[in-house]
$ cat work28.pdb   # PDB, C-alpha atoms, pLDDT in the B column
MODEL        1
ATOM      1  CA  MET N   1      25.014  -6.555 -15.515  1.00 97.00           C
ATOM      2  CA  LYS N   2      23.534  -9.957 -16.158  1.00 98.00           C
ATOM      3  CA  ILE N   3      21.230 -10.756 -19.053  1.00 98.00           C
ATOM      4  CA  PHE N   4      19.125 -13.864 -18.585  1.00 98.00           C
ATOM      5  CA  ILE N   5      18.699 -15.793 -21.815  1.00 98.00           C
ATOM      6  CA  PRO N   6      15.428 -17.746 -22.171  1.00 97.00           C
ATOM      7  CA  THR N   7      15.514 -21.428 -23.098  1.00 97.00           C
ATOM      8  CA  PRO N   8      14.693 -20.998 -26.825  1.00 97.00           C
ATOM      9  CA  LEU N   9      17.457 -18.452 -27.402  1.00 97.00           C
ATOM     10  CA  ARG N  10      20.269 -20.287 -25.616  1.00 97.00           C
ATOM     11  CA  PRO N  11      21.336 -22.208 -28.763  1.00 95.00           C
ATOM     12  CA  PHE N  12      22.003 -18.802 -30.354  1.00 96.00           C
ATOM     13  CA  ALA N  13      23.985 -17.572 -27.333  1.00 98.00           C
ATOM     14  CA  GLY N  14      26.578 -20.290 -27.110  1.00 97.00           C
ATOM     15  CA  GLY N  15      24.300 -22.413 -24.951  1.00 96.00           C
ATOM     16  CA  LYS N  16      24.529 -19.916 -22.088  1.00 97.00           C
ATOM     17  CA  ASP N  17      21.645 -19.128 -19.749  1.00 96.00           C
ATOM     18  CA  THR N  18      23.279 -15.917 -18.514  1.00 97.00           C
ATOM     19  CA  VAL N  19      25.485 -13.425 -20.309  1.00 98.00           C
ATOM     20  CA  GLU N  20      27.393 -10.722 -18.464  1.00 98.00           C
ATOM     21  CA  VAL N  21      27.673  -7.354 -20.229  1.00 98.00           C
ATOM     22  CA  ASN N  22      29.157  -4.023 -19.297  1.00 97.00           C
ATOM     23  CA  ALA N  23      26.776  -1.368 -20.605  1.00 97.00           C
ATOM     24  CA  ALA N  24      25.298   1.978 -19.574  1.00 98.00           C
ATOM     25  CA  THR N  25      21.743   1.551 -20.903  1.00 98.00           C
ATOM     26  CA  VAL N  26      19.297  -1.201 -21.767  1.00 98.00           C
ATOM     27  CA  ALA N  27      19.820  -0.588 -25.490  1.00 97.00           C
ATOM     28  CA  ALA N  28      23.595  -0.713 -25.095  1.00 97.00           C
ATOM     29  CA  ALA N  29      23.294  -3.969 -23.140  1.00 98.00           C
ATOM     30  CA  LEU N  30      21.242  -5.560 -25.935  1.00 98.00           C
ATOM     31  CA  ASP N  31      23.701  -4.209 -28.498  1.00 97.00           C
ATOM     32  CA  GLU N  32      26.604  -5.781 -26.674  1.00 98.00           C
ATOM     33  CA  LEU N  33      24.716  -9.050 -26.368  1.00 98.00           C
ATOM     34  CA  THR N  34      23.898  -9.241 -30.063  1.00 98.00           C
ATOM     35  CA  GLY N  35      27.391  -8.020 -30.947  1.00 97.00           C
ATOM     36  CA  THR N  36      28.825 -11.022 -29.114  1.00 98.00           C
ATOM     37  CA  TYR N  37      26.138 -13.391 -30.383  1.00 98.00           C
ATOM     38  CA  PRO N  38      24.995 -12.090 -33.806  1.00 97.00           C
ATOM     39  CA  ASP N  39      22.686 -15.084 -34.338  1.00 96.00           C
ATOM     40  CA  LEU N  40      20.458 -13.682 -31.596  1.00 97.00           C
ATOM     41  CA  ARG N  41      19.737 -10.536 -33.554  1.00 96.00           C
ATOM     42  CA  LYS N  42      17.000 -11.841 -35.837  1.00 94.00           C
ATOM     43  CA  HIS N  43      15.259 -13.488 -32.893  1.00 95.00           C
ATOM     44  CA  LEU N  44      15.191 -10.276 -30.863  1.00 97.00           C
ATOM     45  CA  PHE N  45      14.819  -7.527 -33.435  1.00 96.00           C
ATOM     46  CA  THR N  46      12.745  -6.786 -36.532  1.00 94.00           C
ATOM     47  CA  GLY N  47      14.425  -5.822 -39.787  1.00 92.00           C
ATOM     48  CA  GLU N  48      13.980  -2.193 -38.712  1.00 94.00           C
ATOM     49  CA  GLY N  49      15.912  -2.836 -35.513  1.00 92.00           C
ATOM     50  CA  LYS N  50      12.968  -2.724 -33.127  1.00 93.00           C
ATOM     51  CA  VAL N  51      12.464  -5.363 -30.454  1.00 95.00           C
ATOM     52  CA  ARG N  52      10.002  -7.884 -31.855  1.00 96.00           C
ATOM     53  CA  ALA N  53       6.452  -7.505 -30.559  1.00 95.00           C
ATOM     54  CA  PHE N  54       6.430 -10.911 -28.885  1.00 97.00           C
ATOM     55  CA  VAL N  55       9.739 -10.360 -27.103  1.00 97.00           C
ATOM     56  CA  ASN N  56       9.462  -8.831 -23.640  1.00 97.00           C
ATOM     57  CA  VAL N  57      12.487  -7.231 -22.040  1.00 98.00           C
ATOM     58  CA  TYR N  58      12.396  -6.699 -18.288  1.00 98.00           C
ATOM     59  CA  LEU N  59      14.853  -4.598 -16.322  1.00 98.00           C
ATOM     60  CA  ASN N  60      14.667  -6.298 -12.923  1.00 97.00           C
ATOM     61  CA  ASP N  61      10.851  -6.411 -12.434  1.00 96.00           C
ATOM     62  CA  GLU N  62       9.945  -3.630 -14.858  1.00 97.00           C
ATOM     63  CA  ASP N  63       8.816  -3.974 -18.468  1.00 97.00           C
ATOM     64  CA  VAL N  64      11.222  -1.788 -20.427  1.00 97.00           C
ATOM     65  CA  ARG N  65       8.395  -0.718 -22.781  1.00 96.00           C
ATOM     66  CA  TYR N  66       6.743   1.084 -19.867  1.00 97.00           C
ATOM     67  CA  LEU N  67       9.809   2.758 -18.395  1.00 98.00           C
ATOM     68  CA  PRO N  68       9.844   6.534 -19.047  1.00 98.00           C
ATOM     69  CA  GLU N  69      13.095   6.320 -20.994  1.00 97.00           C
ATOM     70  CA  LYS N  70      12.358   2.856 -22.423  1.00 96.00           C
ATOM     71  CA  ASP N  71      15.527   1.219 -23.722  1.00 96.00           C
ATOM     72  CA  GLY N  72      17.437   4.418 -23.032  1.00 97.00           C
ATOM     73  CA  THR N  73      17.078   3.677 -19.303  1.00 98.00           C
ATOM     74  CA  LYS N  74      20.389   3.655 -17.478  1.00 98.00           C
ATOM     75  CA  VAL N  75      21.484   0.389 -15.891  1.00 98.00           C
ATOM     76  CA  SER N  76      23.797  -0.502 -13.012  1.00 97.00           C
ATOM     77  CA  PRO N  77      26.126  -3.492 -12.672  1.00 96.00           C
ATOM     78  CA  GLY N  78      23.754  -5.107 -10.145  1.00 97.00           C
ATOM     79  CA  ASP N  79      20.718  -4.927 -12.445  1.00 98.00           C
ATOM     80  CA  THR N  80      19.381  -7.883 -14.388  1.00 97.00           C
ATOM     81  CA  LEU N  81      17.791  -7.936 -17.798  1.00 98.00           C
ATOM     82  CA  SER N  82      15.356 -10.740 -18.594  1.00 98.00           C
ATOM     83  CA  ILE N  83      14.382 -11.580 -22.154  1.00 98.00           C
ATOM     84  CA  ILE N  84      11.010 -13.329 -22.119  1.00 97.00           C
ATOM     85  CA  PRO N  85       9.152 -14.338 -25.297  1.00 97.00           C
ATOM     86  CA  SER N  86       5.407 -14.130 -24.818  1.00 96.00           C
ATOM     87  CA  ILE N  87       3.136 -17.069 -24.047  1.00 95.00           C
ATOM     88  CA  ALA N  88      -0.409 -17.216 -25.321  1.00 95.00           C
ATOM     89  CA  GLY N  89      -2.752 -19.344 -27.371  1.00 93.00           C
ATOM     90  CA  GLY N  90      -6.063 -21.089 -27.199  1.00 87.00           C
ATOM     91  CA  ARG N  91      -8.340 -23.286 -29.206  1.00 84.00           C
TER      92      ARG N  91
ATOM     93  CA  MET R   1       9.763 -37.454 -26.003  1.00 96.00           C
ATOM     94  CA  LEU R   2       8.525 -35.624 -22.937  1.00 98.00           C
ATOM     95  CA  SER R   3       9.288 -37.295 -19.652  1.00 98.00           C
ATOM     96  CA  VAL R   4       7.049 -36.118 -16.800  1.00 98.00           C
ATOM     97  CA  ASP R   5       6.955 -37.025 -13.130  1.00 96.00           C
ATOM     98  CA  ARG R   6       3.581 -38.547 -12.213  1.00 97.00           C
ATOM     99  CA  ALA R   7       2.774 -35.878  -9.615  1.00 98.00           C
ATOM    100  CA  VAL R   8       3.402 -33.103 -12.143  1.00 98.00           C
ATOM    101  CA  TYR R   9       1.331 -34.833 -14.812  1.00 98.00           C
ATOM    102  CA  ASP R  10      -1.577 -35.245 -12.402  1.00 98.00           C
ATOM    103  CA  ALA R  11      -1.257 -31.630 -11.222  1.00 98.00           C
ATOM    104  CA  ILE R  12      -1.481 -30.064 -14.678  1.00 98.00           C
ATOM    105  CA  ARG R  13      -4.519 -32.173 -15.539  1.00 98.00           C
ATOM    106  CA  ALA R  14      -6.164 -31.274 -12.216  1.00 98.00           C
ATOM    107  CA  HIS R  15      -5.471 -27.591 -12.961  1.00 98.00           C
ATOM    108  CA  GLY R  16      -7.508 -27.900 -16.157  1.00 98.00           C
ATOM    109  CA  GLU R  17     -10.405 -29.334 -14.164  1.00 98.00           C
ATOM    110  CA  GLU R  18     -10.147 -26.571 -11.554  1.00 98.00           C
ATOM    111  CA  THR R  19     -10.411 -23.739 -14.052  1.00 97.00           C
ATOM    112  CA  TYR R  20     -13.057 -25.368 -16.278  1.00 98.00           C
ATOM    113  CA  PRO R  21     -14.887 -23.953 -18.240  1.00 97.00           C
ATOM    114  CA  HIS R  22     -11.940 -21.595 -18.593  1.00 96.00           C
ATOM    115  CA  GLU R  23      -8.501 -22.452 -19.943  1.00 94.00           C
ATOM    116  CA  CYS R  24      -5.768 -23.052 -17.393  1.00 96.00           C
ATOM    117  CA  CYS R  25      -2.117 -22.326 -18.097  1.00 96.00           C
ATOM    118  CA  GLY R  26       1.266 -22.705 -16.516  1.00 97.00           C
ATOM    119  CA  ALA R  27       4.931 -23.419 -17.051  1.00 98.00           C
ATOM    120  CA  LEU R  28       6.823 -26.698 -17.079  1.00 98.00           C
ATOM    121  CA  LEU R  29      10.250 -26.731 -15.442  1.00 98.00           C
ATOM    122  CA  GLY R  30      12.820 -29.354 -16.178  1.00 98.00           C
ATOM    123  CA  ARG R  31      16.150 -30.415 -17.547  1.00 97.00           C
ATOM    124  CA  GLU R  32      17.188 -31.208 -21.077  1.00 95.00           C
ATOM    125  CA  ALA R  33      17.828 -34.903 -21.702  1.00 93.00           C
ATOM    126  CA  PRO R  34      19.276 -36.415 -24.885  1.00 92.00           C
ATOM    127  CA  ASN R  35      15.823 -37.373 -26.166  1.00 92.00           C
ATOM    128  CA  GLY R  36      13.724 -34.448 -24.931  1.00 94.00           C
ATOM    129  CA  TRP R  37      12.794 -32.629 -21.753  1.00 98.00           C
ATOM    130  CA  ARG R  38      12.467 -34.244 -18.370  1.00 98.00           C
ATOM    131  CA  ILE R  39       9.843 -32.275 -16.462  1.00 98.00           C
ATOM    132  CA  GLU R  40      10.289 -32.107 -12.713  1.00 97.00           C
ATOM    133  CA  ALA R  41       7.953 -29.293 -11.702  1.00 98.00           C
ATOM    134  CA  ALA R  42       5.038 -27.241 -12.949  1.00 98.00           C
ATOM    135  CA  MET R  43       4.084 -23.731 -11.935  1.00 98.00           C
ATOM    136  CA  LYS R  44       0.511 -22.538 -12.276  1.00 98.00           C
ATOM    137  CA  ALA R  45       0.036 -19.159 -13.917  1.00 97.00           C
ATOM    138  CA  GLY R  46      -2.903 -16.833 -14.094  1.00 94.00           C
ATOM    139  CA  ASN R  47      -4.781 -16.534 -17.374  1.00 92.00           C
ATOM    140  CA  THR R  48      -4.917 -12.822 -18.176  1.00 94.00           C
ATOM    141  CA  ARG R  49      -7.430 -13.372 -20.997  1.00 93.00           C
ATOM    142  CA  THR R  50     -10.415 -12.805 -18.738  1.00 91.00           C
ATOM    143  CA  ASP R  51     -12.240 -11.365 -21.765  1.00 91.00           C
ATOM    144  CA  SER R  52     -12.253 -14.785 -23.464  1.00 93.00           C
ATOM    145  CA  ALA R  53     -10.928 -17.294 -20.937  1.00 90.00           C
ATOM    146  CA  HIS R  54     -12.999 -20.181 -22.317  1.00 91.00           C
ATOM    147  CA  ASN R  55     -10.927 -20.302 -25.504  1.00 93.00           C
ATOM    148  CA  ARG R  56      -7.811 -18.149 -25.001  1.00 94.00           C
ATOM    149  CA  TYR R  57      -4.907 -17.975 -22.579  1.00 94.00           C
ATOM    150  CA  HIS R  58      -2.105 -15.550 -21.980  1.00 95.00           C
ATOM    151  CA  ILE R  59       0.485 -15.469 -19.213  1.00 96.00           C
ATOM    152  CA  SER R  60       1.622 -12.010 -18.192  1.00 96.00           C
ATOM    153  CA  PRO R  61       5.308 -11.451 -18.962  1.00 96.00           C
ATOM    154  CA  GLY R  62       5.808 -10.155 -15.428  1.00 96.00           C
ATOM    155  CA  GLU R  63       4.665 -13.515 -14.085  1.00 97.00           C
ATOM    156  CA  LEU R  64       6.938 -15.278 -16.574  1.00 96.00           C
ATOM    157  CA  VAL R  65       9.914 -13.306 -15.265  1.00 96.00           C
ATOM    158  CA  LYS R  66       9.111 -14.544 -11.748  1.00 96.00           C
ATOM    159  CA  ILE R  67       8.668 -18.137 -12.993  1.00 97.00           C
ATOM    160  CA  GLU R  68      11.986 -17.893 -14.815  1.00 96.00           C
ATOM    161  CA  ARG R  69      13.681 -16.666 -11.621  1.00 95.00           C
ATOM    162  CA  GLU R  70      12.127 -19.474  -9.600  1.00 96.00           C
ATOM    163  CA  SER R  71      13.218 -22.099 -12.132  1.00 96.00           C
ATOM    164  CA  ARG R  72      16.754 -20.741 -12.055  1.00 95.00           C
ATOM    165  CA  GLN R  73      16.802 -20.991  -8.248  1.00 95.00           C
ATOM    166  CA  GLN R  74      15.720 -24.630  -8.526  1.00 96.00           C
ATOM    167  CA  GLY R  75      18.463 -25.321 -11.045  1.00 97.00           C
ATOM    168  CA  LEU R  76      15.845 -25.976 -13.720  1.00 98.00           C
ATOM    169  CA  SER R  77      14.925 -24.371 -17.031  1.00 98.00           C
ATOM    170  CA  ILE R  78      11.558 -23.394 -18.435  1.00 98.00           C
ATOM    171  CA  ALA R  79      11.053 -26.441 -20.624  1.00 98.00           C
ATOM    172  CA  GLY R  80       7.606 -25.625 -21.896  1.00 98.00           C
ATOM    173  CA  PHE R  81       4.093 -24.634 -21.039  1.00 98.00           C
ATOM    174  CA  TYR R  82       0.744 -26.270 -20.532  1.00 97.00           C
ATOM    175  CA  HIS R  83      -2.819 -25.200 -21.069  1.00 96.00           C
ATOM    176  CA  SER R  84      -6.250 -26.782 -21.333  1.00 96.00           C
ATOM    177  CA  HIS R  85      -8.843 -26.917 -24.083  1.00 95.00           C
ATOM    178  CA  PRO R  86     -12.279 -26.910 -22.411  1.00 96.00           C
ATOM    179  CA  ASP R  87     -14.698 -29.075 -24.402  1.00 97.00           C
ATOM    180  CA  HIS R  88     -12.257 -29.236 -27.290  1.00 96.00           C
ATOM    181  CA  PRO R  89      -9.689 -31.831 -28.452  1.00 97.00           C
ATOM    182  CA  ALA R  90      -6.117 -31.885 -27.132  1.00 98.00           C
ATOM    183  CA  GLN R  91      -4.723 -30.702 -30.451  1.00 98.00           C
ATOM    184  CA  TRP R  92      -2.842 -27.516 -31.186  1.00 97.00           C
ATOM    185  CA  SER R  93      -4.805 -24.793 -32.919  1.00 95.00           C
ATOM    186  CA  PRO R  94      -3.692 -22.161 -35.442  1.00 95.00           C
ATOM    187  CA  THR R  95      -3.834 -19.661 -32.558  1.00 94.00           C
ATOM    188  CA  ASP R  96      -1.547 -21.890 -30.484  1.00 95.00           C
ATOM    189  CA  LEU R  97       1.019 -22.014 -33.283  1.00 97.00           C
ATOM    190  CA  ALA R  98       0.821 -18.323 -34.142  1.00 96.00           C
ATOM    191  CA  GLU R  99       1.381 -17.376 -30.497  1.00 96.00           C
ATOM    192  CA  ALA R 100       4.124 -19.959 -29.822  1.00 97.00           C
ATOM    193  CA  HIS R 101       7.637 -18.514 -29.670  1.00 97.00           C
ATOM    194  CA  TRP R 102       9.556 -20.852 -27.368  1.00 98.00           C
ATOM    195  CA  LEU R 103      11.447 -22.932 -29.945  1.00 97.00           C
ATOM    196  CA  GLY R 104      12.664 -26.261 -28.655  1.00 97.00           C
ATOM    197  CA  CYS R 105      10.132 -26.212 -25.846  1.00 98.00           C
ATOM    198  CA  SER R 106       7.153 -28.465 -25.243  1.00 98.00           C
ATOM    199  CA  TYR R 107       3.547 -27.310 -25.290  1.00 98.00           C
ATOM    200  CA  VAL R 108       1.233 -29.646 -23.409  1.00 98.00           C
ATOM    201  CA  ILE R 109      -2.513 -29.520 -24.009  1.00 97.00           C
ATOM    202  CA  THR R 110      -5.178 -31.293 -21.970  1.00 98.00           C
ATOM    203  CA  ALA R 111      -8.708 -31.681 -23.274  1.00 98.00           C
ATOM    204  CA  VAL R 112     -11.247 -31.105 -20.487  1.00 98.00           C
ATOM    205  CA  ALA R 113     -14.731 -32.389 -21.285  1.00 98.00           C
ATOM    206  CA  GLN R 114     -17.573 -31.313 -19.010  1.00 98.00           C
ATOM    207  CA  GLY R 115     -15.068 -30.595 -16.255  1.00 98.00           C
ATOM    208  CA  LYS R 116     -13.167 -33.874 -16.546  1.00 98.00           C
ATOM    209  CA  ALA R 117      -9.585 -34.085 -17.832  1.00 98.00           C
ATOM    210  CA  MET R 118      -9.441 -36.382 -20.842  1.00 98.00           C
ATOM    211  CA  GLU R 119      -6.553 -36.732 -23.293  1.00 98.00           C
ATOM    212  CA  THR R 120      -3.241 -34.958 -22.702  1.00 98.00           C
ATOM    213  CA  ASN R 121      -0.865 -34.447 -25.633  1.00 98.00           C
ATOM    214  CA  SER R 122       2.510 -32.778 -26.005  1.00 98.00           C
ATOM    215  CA  PHE R 123       3.799 -30.882 -29.022  1.00 98.00           C
ATOM    216  CA  ARG R 124       7.369 -29.702 -29.343  1.00 98.00           C
ATOM    217  CA  LEU R 125       7.904 -26.406 -31.141  1.00 98.00           C
ATOM    218  CA  ASN R 126      10.588 -27.215 -33.698  1.00 97.00           C
ATOM    219  CA  GLY R 127      12.256 -25.060 -36.336  1.00 96.00           C
ATOM    220  CA  THR R 128      14.937 -22.410 -36.389  1.00 92.00           C
ATOM    221  CA  GLY R 129      12.799 -19.280 -36.300  1.00 92.00           C
ATOM    222  CA  GLU R 130       9.372 -17.724 -36.759  1.00 93.00           C
ATOM    223  CA  GLU R 131       9.324 -18.614 -40.456  1.00 93.00           C
ATOM    224  CA  SER R 132       9.986 -22.319 -40.013  1.00 96.00           C
ATOM    225  CA  LYS R 133       8.410 -23.047 -36.633  1.00 97.00           C
ATOM    226  CA  ARG R 134       6.080 -26.006 -36.429  1.00 98.00           C
ATOM    227  CA  PHE R 135       4.537 -28.229 -33.783  1.00 98.00           C
ATOM    228  CA  GLU R 136       5.538 -31.881 -33.770  1.00 98.00           C
ATOM    229  CA  ARG R 137       3.736 -34.316 -31.532  1.00 98.00           C
ATOM    230  CA  GLU R 138       5.939 -36.106 -29.023  1.00 98.00           C
ATOM    231  CA  ALA R 139       5.266 -39.076 -26.781  1.00 98.00           C
ATOM    232  CA  ILE R 140       4.664 -38.415 -23.091  1.00 98.00           C
ATOM    233  CA  VAL R 141       6.372 -40.830 -20.712  1.00 98.00           C
ATOM    234  CA  ILE R 142       5.108 -40.671 -17.134  1.00 97.00           C
ATOM    235  CA  ASN R 143       7.537 -41.513 -14.346  1.00 94.00           C
ATOM    236  CA  GLY R 144       6.480 -42.961 -11.023  1.00 86.00           C
TER     237      GLY R 144
ENDMDL
END
$ encode --input "work28.pdb" --output "structure tokens"
Amino acid sequence: MKIFIPTPLRPFAGGKDTVEVNAATVAAALDELTGTYPDLRKHLFTGEGKVRAFVNVYLNDEDVRYLPEKDGTKVSPGDTLSIIPSIAGGR
Amino acid sequence: MLSVDRAVYDAIRAHGEETYPHECCGALLGREAPNGWRIEAAMKAGNTRTDSAHNRYHISPGELVKIERESRQQGLSIAGFYHSHPDHPAQWSPTDLAEAHWLGCSYVITAVAQGKAMETNSFRLNGTGEESKRFEREAIVING
């Protein structure tokens, strides 16, 4: 499956905008990604290993947080995983 | 330096006037140049902070996924974001910094006074992580 890397994380993923992984679940896909690019780990996960609150992970068009099996959801080779840091602010 | 096509620059300022007295928001799509981003397109986004839209903005991650897909199809990257400050200066706020996570990207703010777009400034989010992130003002160069 393909993992789309957002602009701010590309420097920590060898400059790539897409990384191909071969994994059975969302969690395994993220594990493989951070195994290949360890510098990504601190940007994606807290010290306890949870996805940081401001990092959104989407399996195709679905927020993984709201899938019944969350990051244990099975994935297929044709699926895409998007990593999207949140955007907010105001005066 | 942020290089912006004239039509895009005008469009993001007009968006701030359209949504006044609420904050507008959207994404900037472009390519990386040696001295900063070159912005070639902007995509409007909805502000989900309907509870406090006069002084807060938030783009739903689902919409961001679609914007990201669109930018990829255009051969562009998400280079930054824009929003407006209704009746408030075009300066980043502590809330803007706390909620900014796109390192290396540009955050463009337009002050809108009484419905009229005034100053527009750009701040690049520099640093290597959450602990060291900081906004640094960058010049805006308008093309065309």
$ resolve_selection --input "work28.pdb" --expression "the ChimeraX specification (/N :<8) & /R" --output "ChimeraX atom specification"
/R:23,55-62,64-65,77-79,85,88,92-105,129
$ atom_distance --input "work28.pdb" --atom1 "atom CA of R:Ala11" --atom2 "atom CA of R:Cys24"
11.5 Å
$ atom_distance --input "work28.pdb" --atom1 "atom CA of N:Pro38" --atom2 "atom CA of N:Ala13"
8.5 Å
$ resolve_selection --input "work28.pdb" --expression "the PyMOL selection byres ((chain N and resi 21) around 9)" --output "VMD selection string"
chain N and resid 1 to 3 19 to 20 22 to 23 29 to 30 32 to 33 77
$ write_last_selection --input "work28.pdb" --atoms "C-alpha atoms" --output "short mmCIF file (atom, residue, chain, number, x, y, z; two decimals), keeping the file's coordinate frame"
data_model
loop_
_atom_site.label_atom_id
_atom_site.label_comp_id
_atom_site.auth_asym_id
_atom_site.auth_seq_id
_atom_site.Cartn_x
_atom_site.Cartn_y
_atom_site.Cartn_z
CA MET N 1 25.01 -6.56 -15.52
CA LYS N 2 23.53 -9.96 -16.16
CA ILE N 3 21.23 -10.76 -19.05
CA VAL N 19 25.48 -13.42 -20.31
CA GLU N 20 27.39 -10.72 -18.46
CA ASN N 22 29.16 -4.02 -19.30
CA ALA N 23 26.78 -1.37 -20.60
CA ALA N 29 23.29 -3.97 -23.14
CA LEU N 30 21.24 -5.56 -25.94
CA GLU N 32 26.60 -5.78 -26.67
CA LEU N 33 24.72 -9.05 -26.37
CA PRO N 77 26.13 -3.49 -12.67
#
$ resolve_selection --input "work28.pdb" --expression "the PyMOL selection byres ((chain R and resi 30-38) around 10)" --output "PyMOL selection string"
chain R and resi 1-5+27-29+39-42+71+74-80+104-106+124+138-139+141-143
$ residues_around --input "work28.pdb" --residues "R:Gly16" --least-positions-apart "2" --cutoff "9 Å" --atoms "all atoms listed in the file" --output "ChimeraX atom specification"
/R:11-14,18-25,83-86,110-112,115-117
$ closest_residue --input "work28.pdb" --among "R:Phe135, R:Arg69, R:Ala7, R:His54" --to "N:Thr80" --atoms "all atoms listed in the file"
R:Arg69
$ axis_aligned_box --input "work28.pdb" --around "stretch 13-32 of chain N" --padding-each-side "4 Å" --output "lines of an AutoDock Vina configuration file"
center_x = 24.2
center_y = -10.2
center_z = -23.5
size_x = 17.9
size_y = 32.4
size_z = 18.0
$ atom_distance --input "work28.pdb" --atom1 "atom CA of R:Leu125" --atom2 "atom CA of R:Ala90"
15.6 Å
$ residues_around --input "work28.pdb" --residues "N:Glu69" --least-positions-apart "4" --cutoff "10 Å" --atoms "only C-alpha atoms" --output "number ranges by chain"
N: 25-26, 64-65, 73-74
$ closest_residue --input "work28.pdb" --among "N:Asp31, N:Pro68, N:Asp79, N:Lys16" --to "N:Leu44" --atoms "all atoms listed in the file"
N:Asp31
$ build_atoms --input "work28.pdb" --residues "stretch 22-35 of chain R" --atoms "N, CA and C atoms" --output "PDB file, keeping the file's coordinate frame"
ATOM      1  N   HIS R  22     -12.969 -22.483 -18.047  1.00 96.00           N
ATOM      2  CA  HIS R  22     -11.940 -21.595 -18.593  1.00 96.00           C
ATOM      3  C   HIS R  22     -10.651 -22.379 -18.843  1.00 96.00           C
ATOM      4  N   GLU R  23      -9.786 -21.817 -19.678  1.00 94.00           N
ATOM      5  CA  GLU R  23      -8.501 -22.452 -19.943  1.00 94.00           C
ATOM      6  C   GLU R  23      -7.557 -22.203 -18.773  1.00 94.00           C
ATOM      7  N   CYS R  24      -6.826 -23.236 -18.393  1.00 96.00           N
ATOM      8  CA  CYS R  24      -5.768 -23.052 -17.393  1.00 96.00           C
ATOM      9  C   CYS R  24      -4.457 -22.873 -18.150  1.00 96.00           C
ATOM     10  N   CYS R  25      -3.431 -22.416 -17.465  1.00 96.00           N
ATOM     11  CA  CYS R  25      -2.117 -22.326 -18.097  1.00 96.00           C
ATOM     12  C   CYS R  25      -1.033 -22.310 -17.028  1.00 96.00           C
ATOM     13  N   GLY R  26       0.147 -22.693 -17.441  1.00 97.00           N
ATOM     14  CA  GLY R  26       1.266 -22.705 -16.516  1.00 97.00           C
ATOM     15  C   GLY R  26       2.544 -23.094 -17.233  1.00 97.00           C
ATOM     16  N   ALA R  27       3.616 -23.112 -16.479  1.00 98.00           N
ATOM     17  CA  ALA R  27       4.931 -23.419 -17.051  1.00 98.00           C
ATOM     18  C   ALA R  27       5.423 -24.773 -16.561  1.00 98.00           C
ATOM     19  N   LEU R  28       6.213 -25.405 -17.406  1.00 98.00           N
ATOM     20  CA  LEU R  28       6.823 -26.698 -17.079  1.00 98.00           C
ATOM     21  C   LEU R  28       8.318 -26.471 -16.875  1.00 98.00           C
ATOM     22  N   LEU R  29       8.835 -26.923 -15.743  1.00 98.00           N
ATOM     23  CA  LEU R  29      10.250 -26.731 -15.442  1.00 98.00           C
ATOM     24  C   LEU R  29      10.966 -28.073 -15.486  1.00 98.00           C
ATOM     25  N   GLY R  30      12.127 -28.079 -16.088  1.00 98.00           N
ATOM     26  CA  GLY R  30      12.820 -29.354 -16.178  1.00 98.00           C
ATOM     27  C   GLY R  30      14.245 -29.222 -16.654  1.00 98.00           C
ATOM     28  N   ARG R  31      14.774 -30.350 -17.054  1.00 97.00           N
ATOM     29  CA  ARG R  31      16.150 -30.415 -17.547  1.00 97.00           C
ATOM     30  C   ARG R  31      16.135 -31.051 -18.925  1.00 97.00           C
ATOM     31  N   GLU R  32      17.108 -30.651 -19.735  1.00 95.00           N
ATOM     32  CA  GLU R  32      17.188 -31.208 -21.077  1.00 95.00           C
ATOM     33  C   GLU R  32      17.866 -32.577 -21.000  1.00 95.00           C
ATOM     34  N   ALA R  33      17.253 -33.559 -21.614  1.00 93.00           N
ATOM     35  CA  ALA R  33      17.828 -34.903 -21.702  1.00 93.00           C
ATOM     36  C   ALA R  33      18.129 -35.154 -23.179  1.00 93.00           C
ATOM     37  N   PRO R  34      18.911 -36.178 -23.487  1.00 92.00           N
ATOM     38  CA  PRO R  34      19.276 -36.415 -24.885  1.00 92.00           C
ATOM     39  C   PRO R  34      18.067 -36.570 -25.816  1.00 92.00           C
ATOM     40  N   ASN R  35      16.973 -37.110 -25.294  1.00 92.00           N
ATOM     41  CA  ASN R  35      15.823 -37.373 -26.166  1.00 92.00           C
ATOM     42  C   ASN R  35      14.615 -36.483 -25.874  1.00 92.00           C
TER      43      ASN R  35
END
